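Novice: structure_6.txt (compact mmCIF, C-alpha atoms) pasted underneath:
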# COMPACT_ATOMS: atom_id res chain seq x y z
CA MET A 1 4.68 177.63 -14.74
CA ARG A 2 7.63 175.28 -14.44
CA LEU A 3 9.80 178.23 -13.42
CA GLN A 4 7.26 180.54 -11.79
CA ILE A 5 6.14 178.09 -9.09
CA PRO A 6 9.65 177.39 -7.75
CA ILE A 7 10.49 181.12 -7.86
CA ALA A 8 7.32 181.85 -5.86
CA MET A 9 8.22 179.09 -3.38
CA GLY A 10 11.71 180.52 -2.92
CA PHE A 11 10.27 184.03 -2.50
CA LEU A 12 7.73 182.98 0.16
CA ALA A 13 10.26 180.85 2.08
CA GLY A 14 12.85 183.64 1.95
CA VAL A 15 10.45 186.40 2.99
CA PHE A 16 9.16 184.30 5.89
CA MET A 17 12.68 183.57 7.18
CA PHE A 18 13.60 187.24 6.85
CA VAL A 19 10.47 188.58 8.53
CA GLN A 20 10.45 186.07 11.42
CA PHE A 21 13.71 187.62 12.63
CA PHE A 22 11.80 190.80 13.55
CA ILE A 23 8.73 189.10 15.09
CA PRO A 24 9.66 187.27 18.31
CA HIS A 25 6.16 185.77 18.71
CA GLN A 26 5.75 182.22 20.03
CA MET A 27 3.82 181.06 16.97
CA ILE A 28 6.38 182.52 14.58
CA LYS A 29 9.20 180.94 16.57
CA ALA A 30 7.51 177.53 16.34
CA SER A 31 6.98 177.96 12.57
CA PHE A 32 10.62 178.99 12.22
CA LYS A 33 11.76 175.80 13.96
CA ASP A 34 9.45 173.73 11.74
CA ALA A 35 10.78 175.42 8.60
CA LEU A 36 14.36 174.62 9.62
CA ASP A 37 13.32 170.99 10.24
CA TRP A 38 11.75 170.87 6.79
CA ALA A 39 14.96 172.15 5.20
CA ILE A 40 17.02 169.50 7.04
CA ILE A 41 14.61 166.74 5.92
CA ILE A 42 14.70 167.86 2.27
CA GLY A 43 18.50 168.12 2.50
CA ALA A 44 18.65 164.50 3.66
CA PHE A 45 16.84 163.40 0.49
CA ALA A 46 19.33 165.45 -1.54
CA LEU A 47 22.12 163.36 0.02
CA VAL A 48 20.77 160.36 -1.90
CA LEU A 49 21.43 162.26 -5.14
CA GLY A 50 25.05 162.73 -4.08
CA LEU A 51 25.40 159.05 -3.21
CA GLY A 52 23.79 158.14 -6.54
CA SER A 53 26.43 160.22 -8.30
CA LEU A 54 29.21 158.44 -6.36
CA PHE A 55 27.80 155.01 -7.22
CA ARG A 56 27.26 155.89 -10.87
CA ALA A 57 30.86 157.09 -11.26
CA HIS A 58 32.30 153.91 -9.75
CA ILE A 59 29.88 151.49 -11.41
CA ASP A 60 30.57 153.12 -14.81
CA LYS A 61 34.28 152.74 -14.14
CA ILE A 62 33.87 149.04 -13.37
CA ARG A 63 31.50 148.38 -16.26
CA ASN A 64 33.81 150.03 -18.81
CA ARG A 65 36.94 148.41 -17.31
CA ARG A 66 38.66 151.80 -17.06
CA PRO A 67 42.22 151.98 -15.64
CA ASP A 68 42.34 151.22 -11.88
CA TYR A 69 38.72 150.07 -11.90
CA GLY A 70 39.57 147.54 -9.18
CA TYR A 71 39.78 150.33 -6.62
CA SER A 72 36.14 151.18 -7.32
CA PHE A 73 35.24 147.78 -5.83
CA VAL A 74 37.09 148.84 -2.66
CA THR A 75 35.01 152.03 -2.38
CA LEU A 76 31.72 150.23 -3.02
CA ILE A 77 32.50 147.40 -0.60
CA SER A 78 33.69 149.83 2.12
CA PHE A 79 30.50 151.79 1.68
CA ALA A 80 28.32 148.66 1.80
CA VAL A 81 29.98 147.30 4.96
CA MET A 82 29.83 150.59 6.89
CA PHE A 83 26.29 151.37 5.73
CA PHE A 84 25.05 147.85 6.53
CA PHE A 85 26.26 148.02 10.14
CA GLY A 86 25.10 151.64 10.46
CA ILE A 87 21.56 150.94 9.26
CA LEU A 88 21.03 147.56 10.86
CA TYR A 89 22.69 148.03 14.20
CA LYS A 90 22.44 151.81 14.71
CA THR A 91 25.31 154.15 15.41
CA ASP A 92 25.56 153.96 19.20
CA PRO A 93 28.91 153.59 21.04
CA GLY A 94 30.07 149.96 21.29
CA THR A 95 28.59 148.87 17.96
CA VAL A 96 30.54 147.66 14.92
CA PHE A 97 29.68 150.96 13.23
CA ASP A 98 31.31 152.89 16.07
CA TRP A 99 34.30 150.50 16.05
CA LEU A 100 34.81 151.05 12.31
CA PHE A 101 34.47 154.80 12.79
CA ILE A 102 37.13 154.89 15.54
CA ASN A 103 39.57 152.42 13.99
CA VAL A 104 39.18 153.15 10.28
CA GLN A 105 37.63 156.52 9.54
CA VAL A 106 39.27 158.61 12.29
CA PRO A 107 42.87 157.39 11.63
CA LEU A 108 42.40 157.66 7.86
CA GLU A 109 41.05 161.19 8.12
CA ALA A 110 43.74 162.38 10.56
CA THR A 111 46.53 160.79 8.49
CA MET A 112 45.18 162.16 5.23
CA PHE A 113 45.13 165.70 6.64
CA SER A 114 48.53 165.29 8.33
CA LEU A 115 49.94 164.28 4.94
CA LEU A 116 49.27 167.84 3.83
CA ALA A 117 51.89 169.04 6.35
CA PHE A 118 54.63 167.61 4.09
CA PHE A 119 53.26 169.05 0.87
CA ILE A 120 52.34 172.45 2.25
CA ALA A 121 55.82 172.77 3.82
CA SER A 122 57.64 171.69 0.66
CA ALA A 123 55.48 174.03 -1.46
CA ALA A 124 56.33 176.88 0.91
CA TYR A 125 60.05 176.05 0.74
CA ARG A 126 59.95 176.21 -3.05
CA THR A 127 57.84 179.38 -3.39
CA PHE A 128 58.54 181.61 -0.37
CA ARG A 129 61.13 184.14 -1.48
CA ALA A 130 61.59 187.54 0.18
CA ARG A 131 61.76 189.45 -3.11
CA SER A 132 59.49 192.37 -2.15
CA VAL A 133 58.08 194.06 0.95
CA GLU A 134 54.82 192.12 0.56
CA ALA A 135 56.54 188.74 0.15
CA THR A 136 58.80 189.49 3.14
CA LEU A 137 55.80 190.33 5.34
CA LEU A 138 54.08 187.09 4.31
CA LEU A 139 57.22 185.07 5.00
CA LEU A 140 57.92 186.73 8.36
CA ALA A 141 54.34 186.34 9.58
CA ALA A 142 54.29 182.66 8.59
CA VAL A 143 57.66 181.89 10.20
CA ILE A 144 56.83 183.74 13.44
CA VAL A 145 53.43 182.03 13.75
CA MET A 146 54.93 178.59 13.05
CA LEU A 147 57.72 179.10 15.59
CA GLY A 148 55.36 180.68 18.12
CA ARG A 149 53.15 177.59 18.06
CA VAL A 150 55.89 175.14 19.21
CA PRO A 151 57.31 174.80 22.74
CA ILE A 152 60.91 175.27 21.53
CA SER A 153 60.16 178.97 20.89
CA ASP A 154 60.22 179.48 24.68
CA LYS A 155 63.96 178.67 24.59
CA ILE A 156 64.77 181.59 22.26
CA PRO A 157 66.25 184.37 24.45
CA TYR A 158 64.88 187.97 24.39
CA LEU A 159 62.04 187.07 22.04
CA ASN A 160 58.66 185.99 23.33
CA LEU A 161 57.50 184.48 20.05
CA HIS A 162 54.36 183.08 21.63
CA GLU A 163 53.17 186.58 22.57
CA ILE A 164 54.24 188.03 19.22
CA THR A 165 52.24 185.27 17.48
CA GLU A 166 49.18 186.06 19.57
CA TRP A 167 49.58 189.77 18.74
CA ILE A 168 49.85 189.02 15.00
CA MET A 169 46.74 186.84 15.20
CA MET A 170 44.73 189.38 17.21
CA VAL A 171 45.65 192.69 15.53
CA PRO A 172 46.93 192.78 11.91
CA THR A 173 45.34 189.44 10.96
CA VAL A 174 41.98 190.45 12.45
CA ALA A 175 42.17 193.79 10.59
CA ALA A 176 42.79 192.03 7.24
CA LYS A 177 40.15 189.38 7.87
CA ARG A 178 37.60 192.00 8.91
CA GLY A 179 38.20 193.94 5.69
CA ILE A 180 37.62 190.77 3.67
CA LEU A 181 34.63 189.79 5.81
CA PHE A 182 32.81 193.07 5.11
CA GLY A 183 33.07 192.43 1.38
CA VAL A 184 32.02 188.80 1.71
CA ALA A 185 29.04 189.72 3.92
CA LEU A 186 27.79 192.43 1.57
CA GLY A 187 28.17 190.03 -1.35
CA ALA A 188 26.29 187.29 0.52
CA VAL A 189 23.41 189.66 1.37
CA ALA A 190 23.21 190.86 -2.25
CA THR A 191 23.19 187.26 -3.55
CA ALA A 192 20.55 186.23 -1.00
CA LEU A 193 18.34 189.14 -2.08
CA ARG A 194 18.76 188.16 -5.73
CA ILE A 195 17.71 184.57 -4.90
CA ILE A 196 14.63 185.67 -2.95
CA LEU A 197 13.56 188.11 -5.67
CA GLY A 198 14.04 185.47 -8.36
CA LEU A 199 16.79 187.41 -10.16
CA GLU A 200 19.32 184.68 -9.47
CA ARG A 201 18.10 181.44 -11.06
CA SER A 202 21.24 179.41 -11.65
CA HIS A 203 20.26 177.00 -8.85
CA LEU A 204 17.07 176.22 -10.80
CA GLY A 205 19.09 175.03 -13.79
CA GLY A 206 18.39 171.54 -15.07
CA GLY A 207 14.92 170.25 -15.68
CA GLY A 208 14.32 171.49 -19.18
CA GLY A 209 11.49 173.69 -20.39
CA GLN A 210 9.86 176.78 -18.93
CA MET B 1 34.88 141.50 16.69
CA PRO B 2 32.55 143.81 18.56
CA GLY B 3 29.03 142.55 18.97
CA PRO B 4 26.65 144.30 16.62
CA THR B 5 24.92 146.09 19.42
CA GLY B 6 26.33 144.55 22.58
CA PRO B 7 29.64 144.74 24.40
CA ILE B 8 32.93 144.41 22.53
CA THR B 9 34.44 140.91 22.55
CA GLY B 10 37.58 139.35 21.04
CA ILE B 11 38.41 137.06 18.13
CA LEU B 12 41.18 134.41 17.74
CA GLY B 13 42.52 135.28 21.17
CA LEU B 14 43.04 138.93 20.22
CA SER B 15 41.00 141.65 21.82
CA THR B 16 39.12 143.97 19.47
CA GLU B 17 41.19 146.79 20.90
CA VAL B 18 44.38 145.20 19.54
CA ILE B 19 42.72 144.40 16.19
CA GLY B 20 41.55 148.01 16.01
CA ILE B 21 45.04 149.35 16.77
CA TRP B 22 46.56 147.14 14.06
CA LEU B 23 43.93 148.15 11.52
CA ALA B 24 44.43 151.85 12.30
CA ALA B 25 48.24 151.47 12.20
CA LEU B 26 48.24 149.64 8.85
CA LEU B 27 45.91 152.22 7.32
CA THR B 28 48.06 155.05 8.72
CA LEU B 29 51.21 153.52 7.19
CA ALA B 30 49.32 152.91 3.92
CA ILE B 31 48.48 156.61 3.67
CA TYR B 32 52.05 157.67 4.55
CA SER B 33 53.36 155.37 1.80
CA PHE B 34 52.25 158.15 -0.58
CA LEU B 35 55.31 160.13 0.58
CA TYR B 36 57.40 157.62 -1.39
CA GLY B 37 55.12 157.91 -4.40
CA ASP B 38 51.64 157.01 -5.64
CA ASN B 39 51.19 153.26 -5.10
CA PRO B 40 48.42 150.61 -4.89
CA VAL B 41 48.54 150.41 -1.07
CA TYR B 42 47.83 154.14 -0.78
CA LYS B 43 45.08 153.92 -3.38
CA VAL B 44 43.32 151.12 -1.49
CA ALA B 45 43.42 153.16 1.75
CA GLU B 46 42.20 156.25 -0.12
CA HIS B 47 39.25 154.39 -1.64
CA ILE B 48 38.37 152.81 1.72
CA PHE B 49 38.29 156.34 3.15
CA VAL B 50 35.89 157.55 0.47
CA GLY B 51 33.51 154.60 0.93
CA ILE B 52 33.57 154.64 4.73
CA SER B 53 33.10 158.43 4.96
CA ALA B 54 30.15 158.42 2.55
CA ALA B 55 28.50 155.54 4.42
CA TYR B 56 29.11 157.23 7.77
CA GLY B 57 27.30 160.39 6.59
CA ALA B 58 24.51 158.35 4.99
CA ALA B 59 23.90 156.17 8.08
CA LEU B 60 23.88 159.14 10.45
CA THR B 61 21.51 161.06 8.16
CA TYR B 62 19.21 158.04 7.98
CA HIS B 63 18.96 157.68 11.77
CA LEU B 64 19.11 161.32 12.85
CA VAL B 65 17.05 162.93 10.09
CA ILE B 66 14.91 160.44 8.17
CA ILE B 67 13.94 158.34 11.19
CA ARG B 68 14.09 160.84 14.06
CA ARG B 69 12.74 163.96 12.34
CA LEU B 70 10.42 162.48 9.69
CA PHE B 71 9.41 158.84 10.19
CA ASP B 72 8.92 158.79 13.99
CA PRO B 73 6.85 162.02 14.31
CA LEU B 74 4.76 160.94 11.32
CA PHE B 75 4.23 157.20 11.83
CA ARG B 76 5.34 156.43 15.41
CA PRO B 77 4.47 159.60 17.37
CA ASP B 78 4.86 157.79 20.71
CA LEU B 79 8.54 157.10 19.87
CA ALA B 80 9.22 160.65 18.65
CA GLN B 81 11.54 162.91 20.63
CA PRO B 82 9.72 164.45 22.45
CA PRO B 83 6.77 161.96 22.27
CA LEU B 84 3.68 163.27 20.47
CA ASP B 85 0.01 162.50 21.06
CA VAL B 86 -0.91 162.67 17.37
CA PRO B 87 1.13 162.28 14.19
CA LYS B 88 2.72 165.52 12.95
CA LEU B 89 1.01 165.58 9.56
CA SER B 90 2.70 168.81 8.46
CA LEU B 91 5.85 166.72 7.89
CA ILE B 92 4.17 165.21 4.83
CA ILE B 93 5.10 168.42 2.97
CA PRO B 94 8.91 168.17 3.39
CA GLY B 95 8.62 164.40 2.82
CA LEU B 96 6.91 164.96 -0.53
CA LEU B 97 9.26 167.82 -1.44
CA GLY B 98 12.19 165.54 -0.62
CA LEU B 99 10.80 162.79 -2.84
CA LEU B 100 10.43 165.33 -5.67
CA ILE B 101 14.24 165.58 -5.73
CA PHE B 102 14.29 162.08 -7.22
CA SER B 103 12.36 163.35 -10.23
CA ARG B 104 15.84 164.20 -11.53
CA PHE B 105 16.08 160.54 -12.49
CA ILE B 106 13.00 160.81 -14.77
CA PRO B 107 13.84 163.18 -17.65
CA ARG B 108 10.17 163.91 -18.41
CA TYR B 109 9.47 165.19 -14.91
CA ASP B 110 12.89 166.46 -13.87
CA TRP B 111 11.57 170.06 -13.67
CA LEU B 112 9.76 169.05 -10.47
CA SER B 113 13.13 168.78 -8.70
CA ARG B 114 13.29 172.59 -8.86
CA TRP B 115 10.61 172.89 -6.18
CA PRO B 116 12.55 171.49 -3.20
CA ILE B 117 15.76 173.19 -4.34
CA ALA B 118 14.00 176.57 -4.69
CA PHE B 119 12.41 176.11 -1.26
CA ILE B 120 15.72 175.36 0.46
CA MET B 121 17.59 178.13 -1.36
CA GLY B 122 14.90 180.71 -0.56
CA LEU B 123 14.72 179.58 3.05
CA TYR B 124 18.45 179.82 3.70
CA ALA B 125 18.73 183.05 1.69
CA GLY B 126 16.06 184.66 3.86
CA LEU B 127 17.69 183.33 7.00
CA SER B 128 21.14 184.56 6.02
CA ILE B 129 20.25 188.22 5.40
CA PRO B 130 19.53 189.39 8.97
CA ARG B 131 22.12 187.02 10.45
CA THR B 132 24.90 188.15 8.10
CA ILE B 133 24.10 191.82 8.62
CA GLN B 134 24.02 191.38 12.38
CA THR B 135 27.09 189.20 12.90
CA ASN B 136 29.41 189.88 9.96
CA ILE B 137 28.72 193.57 9.43
CA LEU B 138 27.28 195.34 12.49
CA LYS B 139 29.16 193.38 15.18
CA GLN B 140 32.42 193.60 13.24
CA MET B 141 31.97 197.36 12.73
CA GLN B 142 31.20 197.76 16.41
CA ALA B 143 34.38 195.89 17.34
CA THR B 144 36.44 198.03 14.96
CA ILE B 145 35.23 201.37 16.32
CA ALA B 146 37.27 201.17 19.52
CA PRO B 147 38.82 204.13 21.44
CA VAL B 148 42.35 205.02 20.33
CA LEU B 149 43.11 206.59 23.72
CA PRO B 150 41.53 204.19 26.23
CA VAL B 151 41.91 204.71 29.99
CA ASP B 152 41.78 202.14 32.76
CA ALA B 153 39.68 202.35 35.94
CA GLY B 154 42.36 204.50 37.59
CA GLY B 155 42.35 207.05 34.77
CA GLN B 156 45.70 205.92 33.34
CA TYR B 157 46.08 206.00 29.56
CA LEU B 158 46.56 202.56 27.99
CA PHE B 159 48.83 203.62 25.15
CA PHE B 160 49.62 200.17 23.76
CA SER B 161 45.97 199.17 23.77
CA GLY B 162 45.15 202.44 22.00
CA PHE B 163 47.89 201.76 19.44
CA GLU B 164 46.41 198.31 18.78
CA ASN B 165 42.95 199.81 18.27
CA LEU B 166 44.37 202.45 15.91
CA LEU B 167 46.21 199.76 13.96
CA LEU B 168 42.99 197.77 13.70
CA ILE B 169 41.08 200.75 12.29
CA VAL B 170 43.88 201.60 9.84
CA GLY B 171 44.13 197.94 8.80
CA VAL B 172 40.40 197.55 8.14
CA VAL B 173 40.15 200.85 6.23
CA CYS B 174 43.23 200.11 4.12
CA THR B 175 42.09 196.54 3.36
CA LEU B 176 38.70 197.88 2.27
CA ALA B 177 40.51 200.50 0.13
CA TYR B 178 42.39 197.69 -1.63
CA PHE B 179 39.09 195.99 -2.52
CA TYR B 180 37.43 199.26 -3.63
CA PHE B 181 37.63 199.30 -7.39
CA SER B 182 35.39 202.29 -8.20
CA LEU B 183 38.38 204.64 -7.86
CA PRO B 184 41.79 204.18 -9.49
CA HIS B 185 44.46 203.05 -7.05
CA ARG B 186 46.59 206.20 -7.42
CA GLY B 187 47.63 208.95 -4.98
CA VAL B 188 46.05 208.64 -1.53
CA MET B 189 43.94 205.68 -2.65
CA GLY B 190 47.07 203.97 -4.00
CA GLY B 191 48.88 204.50 -0.68
CA LEU B 192 45.94 203.18 1.32
CA SER B 193 45.57 200.09 -0.85
CA ARG B 194 49.34 199.46 -0.62
CA VAL B 195 49.12 199.44 3.18
CA GLY B 196 46.02 197.23 2.79
CA ILE B 197 48.13 194.72 0.84
CA TRP B 198 50.67 194.67 3.71
CA PHE B 199 47.94 193.83 6.19
CA LEU B 200 46.58 191.16 3.85
CA MET B 201 50.04 189.64 3.43
CA ILE B 202 50.54 189.46 7.20
CA GLY B 203 47.07 187.90 7.52
CA PHE B 204 47.74 185.33 4.78
CA GLY B 205 51.15 184.51 6.24
CA ALA B 206 49.69 184.01 9.71
CA GLY B 207 46.88 181.90 8.24
CA PHE B 208 49.41 179.78 6.37
CA GLY B 209 51.56 179.31 9.49
CA ASN B 210 48.50 178.33 11.50
CA THR B 211 47.39 175.79 8.88
CA VAL B 212 50.85 174.22 8.72
CA MET B 213 50.99 173.90 12.50
CA ALA B 214 47.51 172.36 12.63
CA ARG B 215 48.64 169.71 10.12
CA ILE B 216 51.90 169.19 12.04
CA SER B 217 49.90 168.64 15.22
CA LEU B 218 47.86 165.94 13.41
CA LEU B 219 51.13 164.38 12.22
CA ILE B 220 52.48 164.36 15.79
CA GLY B 221 49.25 162.66 16.88
CA ARG B 222 49.64 159.90 14.29
CA ILE B 223 53.34 159.36 15.09
CA GLN B 224 52.52 159.18 18.81
CA PHE B 225 49.81 156.63 18.03
CA LEU B 226 52.29 154.47 16.12
CA LEU B 227 55.03 154.78 18.76
CA TYR B 228 53.03 154.49 21.97
CA GLU B 229 49.97 152.44 21.00
CA TRP B 230 50.91 150.25 18.04
CA LEU B 231 54.55 149.34 18.81
CA PRO B 232 53.71 148.06 22.34
CA THR B 233 51.36 145.48 20.74
CA ILE B 234 54.46 143.87 19.14
CA GLY B 235 56.48 144.10 22.34
CA ILE B 236 58.38 147.34 21.68
CA HIS B 237 57.91 149.77 24.56
CA LEU B 238 59.18 153.32 24.19
CA GLY B 239 57.74 154.56 27.49
CA SER B 240 54.25 155.68 28.26
CA GLY B 241 54.22 158.64 25.88
CA PRO B 242 54.62 162.37 26.42
CA GLY B 243 51.06 162.87 27.58
CA ALA B 244 51.18 160.20 30.32
CA GLY B 245 51.17 161.32 33.95
Could you quickly redo this structure as structure tokens?
Specialist:
Amino acid sequence: MRLQIPIAMGFLAGVFMFVQFFIPHQMIKASFKDALDWAIIIGAFALVLGLGSLFRAHIDKIRNRRPDYGYSFVTLISFAVMFFFGILYKTDPGTVFDWLFINVQVPLEATMFSLLAFFIASAAYRTFRARSVEATLLLLAAVIVMLGRVPISDKIPYLNLHEITEWIMMVPTVAAKRGILFGVALGAVATALRIILGLERSHLGGGGGQ
Amino acid sequence: MPGPTGPITGILGLSTEVIGIWLAALLTLAIYSFLYGDNPVYKVAEHIFVGISAAYGAALTYHLVIIRRLFDPLFRPDLAQPPLDVPKLSLIIPGLLGLLIFSRFIPRYDWLSRWPIAFIMGLYAGLSIPRTIQTNILKQMQATIAPVLPVDAGGQYLFFSGFENLLLIVGVVCTLAYFYFSLPHRGVMGGLSRVGIWFLMIGFGAGFGNTVMARISLLIGRIQFLLYEWLPTIGIHLGSGPGAG
């Protein structure tokens, strides 16, 4: 029973979402919207589990005085401050929450991602070697796209790198991506069918007993 | 500091705008200090980022989902968006299913947490089948089957466009051949999969180049912020910036 009920729930939810696609009736559409709302609400509760995991990791680190445990205080305090202002004073523009978002989170996120530019470029410098046809194609495509995306490429005579970049993005890249996409899509459909039919049960792991 | 809900004011004679710029600049420099090596300043900025991001997601979820989609329609229907005449009692079901997730914390009843997870997985699995088939298979196939000898309105052959369409078909077929493992990659199949690898390499190279340039553009944004927004607050003016009219 402990396994059959959730499998039946997954089956019914899956069959409904599949069937509603072919029945454009007003009542079905309304039920479809409600079902999506339900999923979003349940997902919000699941977020608490994720936060619990974050807290547990940092509190354990502090309690056991593991190396660098002081930084865990920084995470917990940052969370508490942002969450306090977010819950108490809402998230509208002009609030402390919004101010912290604009002046702390946005610059940190943009800088963190921009940092990857250095590492990705140095990794490429160390590994890109034109030793075979395949490696040469990879290298050429990367170099052309990188040059084609900066204004200085307009200064290179006889070569319209911007147009060549667009062509690479629109023809050979699309062909490769489409080939991959077909495989991914068929795999996703097969996995979804296995979940609905109860053949795939790995997501029901945990919670001992049958 | 900004008022909790009201207009932004200043502190110690400094406007919140200037305080914000300094905070953002110091955090930006703290993150870039990692280029020299792992250090405590970077680690502090990194841990602030984790805490702030998690709280941002949690606060938004609380207001936009828990309050707006669950609490208001259920307990304050007049404040719901759109306002309701009577409470939407059907929302008790997802509310209870959501609470069942917390049974994970009680070992004796942790099997109950399977119910909401199974519901969500089944729901999204059912939703994904027709959508994936329609958008990622049928539409993509339709876009691939394009004429190799197209003509314009005047009846003129568009040879280059036809060549592009032919290349697209060859590329897709060869890429699929590379991922087809039910036949050994020898002879014709070997040739097709080899060409498929070439297309994949061009695709990966272009994807890599694009990713690098996206990161570089973020880097340019941060450098511009430091040069044209932060430095002027300490009296160093380097002009109004490249984007200024």
Novice: Between CA of Val86 (chain B) and CA of Ala39 (chain A), what is the distance, to one decimal in Å?
Specialist: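 Between CA of Val86 (chain B) and CA of Ala39 (chain A) the gap is 22.1 Å.
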Novice: Name the closest residue to Ile87 (chain A) among the candidates B:Leu149, B:Ala59, B:Leu14, B:Ile67; distances are taken between atoms, counting all atoms listed in the file.
Specialist: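 Among B:Leu149, B:Ala59, B:Leu14, B:Ile67, it is B:Ala59 that comes nearest to Ile87 (chain A).
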Novice: For a test of reading the model, state the distance in Å between CA of Pro107 (chain A) and CA of Leu23 (chain B), rounded to one decimal.
Specialist: 9.3 Å
Novice: Tell me, in Å to one decimal, how far CA of Tyr125 (chain A) is from CA of Val150 (chain A).
Specialist: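 Separating CA of Tyr125 (chain A) from CA of Val150 (chain A) is a distance of 19.0 Å.
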Novice: Leaving out Glu166 (chain A) and any residue of its chain fewer than 6 positions from it, which residues lie within 12 Å of it when counting all atoms listed in the file, given as a PyMOL selection string?
Specialist: (chain A and resi 141+144-149+160+172-174) or (chain B and resi 206+210)
Novice: Which residues come within 10 Å of region 179-190 of chain A, counting only C-alpha atoms, excluding same-chain residues fewer than 3 positions away, as a count of residues only?
Specialist: 36
